[in-house]
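These notes concern the structure reproduced below.
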Amino acid sequence: MLRVDALISSPIYLVGLMQILSDEGIALVSTRQSPADPMSWLADAALIDDDALGAADCLDEVAEAARTTAVLVLHNDWSLPAEEYLQAGAKGVIHKHESAENLVAALRAVTAGAQVLPEGHTATSRSERHEPSVLNLSEREEQVLSQISRGLTHGQIATRLGISPHTVDTYVKRIRAKLGVGNKAELTRVALLSRLTKAVA
């Protein structure tokens with residue numbers, strides 16, 4: 001049975017969603033109205049309504065959820081471009097007003113590892129994604145990425161840069177969102193590539 005964690009801003013939308021998933025035999029293991037509420041570790045997929053995300057940290061929230069489960073973002077016409085959510089780690093993006101049938105199909109697809117895009121969007125391959133220098137990392141983010149490429153832990157990076165481990169975590173989340181990497185291995189690979197590119201230059 002597919003298990004879903006839902007971060008939904010509208011209680012009315014949530015009622016309809018619960019009925020749709022129940023009819024399809026999909027278990028809603030957790031419902032949240034705020035990203036501050038913990039996500040269920042039982043979930044196979046996270047359904048995130050971008051209206052429930054804070055404007056400043058929306059990509060960070062998507063990246064954090066994507067570390068542990070497949071993420072499907074529900075978006076509106078005025079939302080961030082779908083590609084930004086995908087680069088932050090979401091497996092799929094679907095319009096909030098899609099049919100129940102399409103929503104269920106999208107949830108099943110992202111859980112199976114497929115990418116889901118809204119109509120009119122095309123996937124960007126990993127090779128087409130920009131390298132760090134093109135993505136406007138801040139000077140501090142570049143410093144943190146450089147330390148990651150040397151294999152330092154977050155605690156060691158914090159000591160070297162004179163900041164708290166929590167601040168390092170925040171920088172790492174931002175870097176991952178900007179670079180569209182979903183886990184530590186990918187981030188380390190990008191960090192090493194960045195270091196090698198600078199060495200050659």
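Chain identifiers are assigned as A, B, and so on, following the order in which chains appear in the structure tokens; residues are numbered from 1 within each chain, and ligands are numbered from 1 in order of appearance.
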Inset, instruction - Excluding region 98-100 of chain A and residues on its chain fewer than 2 positions from it, collect all residues at most 10 Å away from it, counting only C-alpha atoms, and give them as a list of chain:residue names. - result: A:Gly16, A:Leu17, A:Gln19, A:Ile20, A:Leu21, A:Glu24, A:Leu74, A:Ile94, A:His95, A:Lys96, A:Asn102, A:Leu103, A:Val104, A:Ala105, A:Ala106, A:Pro118
Legend entry - Contact residues around Glu141 (chain A) with only C-alpha atoms at 8 Å, ignoring same-chain residues under 2 positions, as an MDAnalysis selection string: chainID A and resid 137:139 143:145 171:172 175
Legend entry - Contacts of region 113-117 of chain A at 12 Å (only C-alpha atoms; same-chain gap of 5+ positions) as an NGL selection string: :A and (44-45 or 69-75 or 81-87 or 89-95 or 98 or 102-108 or 122-125)
Counting only C-alpha atoms, what are the residues of region 58-175 of chain A within 9 Å of region 50-54 of chain A, and for each of them which pair of atoms is the nearest and at what distance in Å, to one decimal? Sort the table by chain and rising number, as JSON lines.
```
{"residue": "A:Cys58", "atom": "CA", "partner": "A:Leu53", "partner_atom": "CA", "distance": 5.2}
{"residue": "A:Leu59", "atom": "CA", "partner": "A:Leu53", "partner_atom": "CA", "distance": 8.7}
{"residue": "A:Glu61", "atom": "CA", "partner": "A:Leu53", "partner_atom": "CA", "distance": 7.5}
{"residue": "A:Val62", "atom": "CA", "partner": "A:Leu53", "partner_atom": "CA", "distance": 8.9}
{"residue": "A:Val73", "atom": "CA", "partner": "A:Asp50", "partner_atom": "CA", "distance": 6.6}
{"residue": "A:Leu74", "atom": "CA", "partner": "A:Asp50", "partner_atom": "CA", "distance": 6.0}
{"residue": "A:His75", "atom": "CA", "partner": "A:Asp50", "partner_atom": "CA", "distance": 5.6}
{"residue": "A:Asn76", "atom": "CA", "partner": "A:Asp50", "partner_atom": "CA", "distance": 7.9}
{"residue": "A:Ser79", "atom": "CA", "partner": "A:Asp50", "partner_atom": "CA", "distance": 7.3}
{"residue": "A:Leu80", "atom": "CA", "partner": "A:Asp50", "partner_atom": "CA", "distance": 8.8}
```
Give me a file of those residues, with all heavy atoms, as a short mmCIF file (atom, residue, chain, number, x, y, z; two decimals), in the first residue's frame.
```cif
data_model
loop_
_atom_site.label_atom_id
_atom_site.label_comp_id
_atom_site.auth_asym_id
_atom_site.auth_seq_id
_atom_site.Cartn_x
_atom_site.Cartn_y
_atom_site.Cartn_z
N CYS A 58 11.02 28.02 0.50
CA CYS A 58 10.24 26.95 -0.11
C CYS A 58 11.12 25.87 -0.73
O CYS A 58 10.83 24.68 -0.59
CB CYS A 58 9.24 27.50 -1.12
SG CYS A 58 9.98 28.37 -2.50
N LEU A 59 12.21 26.26 -1.39
CA LEU A 59 13.07 25.25 -2.01
C LEU A 59 13.82 24.45 -0.96
O LEU A 59 14.07 23.25 -1.14
CB LEU A 59 14.04 25.91 -2.99
CG LEU A 59 13.38 26.57 -4.21
CD1 LEU A 59 14.44 27.23 -5.09
CD2 LEU A 59 12.59 25.55 -5.01
N GLU A 61 12.63 23.60 1.94
CA GLU A 61 11.67 22.62 2.47
C GLU A 61 11.53 21.43 1.53
O GLU A 61 11.46 20.28 1.96
CB GLU A 61 10.30 23.29 2.69
CG GLU A 61 10.30 24.43 3.68
CD GLU A 61 10.61 23.99 5.11
OE1 GLU A 61 10.55 22.79 5.40
OE2 GLU A 61 10.93 24.86 5.92
N VAL A 62 11.48 21.71 0.24
CA VAL A 62 11.37 20.63 -0.75
C VAL A 62 12.64 19.77 -0.71
O VAL A 62 12.57 18.53 -0.72
CB VAL A 62 11.14 21.20 -2.17
CG1 VAL A 62 11.28 20.12 -3.23
CG2 VAL A 62 9.77 21.86 -2.25
N VAL A 73 5.19 18.02 -5.90
CA VAL A 73 4.78 19.38 -5.53
C VAL A 73 3.48 19.74 -6.27
O VAL A 73 3.37 19.54 -7.48
CB VAL A 73 5.88 20.40 -5.88
CG1 VAL A 73 5.39 21.83 -5.62
CG2 VAL A 73 7.14 20.12 -5.07
N LEU A 74 2.52 20.27 -5.52
CA LEU A 74 1.30 20.83 -6.09
C LEU A 74 1.54 22.32 -6.29
O LEU A 74 1.86 23.03 -5.34
CB LEU A 74 0.12 20.64 -5.13
CG LEU A 74 -0.35 19.21 -4.86
CD1 LEU A 74 -1.31 19.19 -3.68
CD2 LEU A 74 -1.02 18.65 -6.10
N HIS A 75 1.40 22.80 -7.52
CA HIS A 75 1.70 24.23 -7.72
C HIS A 75 0.56 24.95 -8.43
O HIS A 75 -0.34 24.34 -9.01
CB HIS A 75 3.02 24.40 -8.47
CG HIS A 75 2.92 24.27 -9.96
ND1 HIS A 75 3.34 25.24 -10.82
CD2 HIS A 75 2.42 23.28 -10.73
CE1 HIS A 75 3.12 24.87 -12.06
NE2 HIS A 75 2.57 23.69 -12.05
N ASN A 76 0.60 26.28 -8.32
CA ASN A 76 -0.37 27.16 -8.97
C ASN A 76 0.33 27.91 -10.10
O ASN A 76 1.55 27.88 -10.22
CB ASN A 76 -0.93 28.16 -7.96
CG ASN A 76 -1.92 27.51 -7.02
OD1 ASN A 76 -2.96 27.01 -7.43
ND2 ASN A 76 -1.59 27.51 -5.73
N SER A 79 3.20 30.16 -9.02
CA SER A 79 4.27 29.55 -8.25
C SER A 79 5.62 29.70 -8.94
O SER A 79 5.71 30.17 -10.07
CB SER A 79 3.99 28.05 -8.06
OG SER A 79 2.73 27.84 -7.48
N LEU A 80 6.66 29.24 -8.26
CA LEU A 80 7.98 29.17 -8.88
C LEU A 80 7.92 28.24 -10.08
O LEU A 80 7.08 27.34 -10.13
CB LEU A 80 9.01 28.62 -7.87
CG LEU A 80 9.42 29.52 -6.73
CD1 LEU A 80 10.30 28.74 -5.76
CD2 LEU A 80 10.17 30.73 -7.24
#
```
Inset, instruction - Might you pull out every residue within 12 Å of Gly162 (chain A), with only C-alpha atoms counted and same-chain residues fewer than 6 positions away left off, and present them as number ranges by chain? - result: A: 140, 143-144, 154-156, 168
Legend entry - Among the residues A:Val190, A:Ile157, A:Leu7, A:Leu28, the one that comes closest to Ala65 (chain A) [using only C-alpha atoms]: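 Closest candidate: A:Leu7.
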Residues near Glu64 (chain A), cut-off 12 Å, only C-alpha atoms, skip fewer than 6 positions along chain, as a CSV table (one decimal) with C-alpha atoms, in the first residue's frame:
```csv
chain,number,residue,atom,x,y,z
A,35,PRO,CA,6.5,22.8,7.1
A,36,ALA,CA,7.5,23.2,10.8
A,38,PRO,CA,7.5,16.9,11.3
A,39,MET,CA,7.1,14.7,8.2
A,46,ALA,CA,5.4,13.5,0.2
A,48,ILE,CA,3.7,19.3,-0.9
A,57,ASP,CA,12.5,28.9,2.2
A,58,CYS,CA,10.2,27.0,-0.1
A,70,ALA,CA,9.8,11.0,-3.2
A,71,VAL,CA,8.3,14.5,-3.4
A,85,TYR,CA,11.3,22.4,-7.6
A,88,ALA,CA,15.6,21.2,-5.4
A,89,GLY,CA,15.0,17.5,-5.4
A,90,ALA,CA,11.3,17.0,-6.1
A,169,ASP,CA,23.3,23.0,7.8
A,170,THR,CA,21.3,26.0,6.5
A,172,VAL,CA,24.1,23.2,2.8
A,173,LYS,CA,20.4,23.1,2.3
A,174,ARG,CA,20.6,26.3,0.2
A,175,ILE,CA,23.5,24.9,-1.8
A,176,ARG,CA,21.6,21.6,-2.5
A,177,ALA,CA,18.5,23.5,-3.5
A,180,GLY,CA,19.5,20.5,-7.6
A,181,VAL,CA,21.2,17.6,-5.8
A,182,GLY,CA,19.2,15.2,-3.7
A,183,ASN,CA,21.7,13.6,-1.3
A,184,LYS,CA,25.2,14.0,0.2
```
Legend entry - DSSP alpha helix (DSSP H) selection over chain A, as a ChimeraX atom specification: /A:11-23,58-66,82-88,100-111,139-149,154-161,165-179,184-200
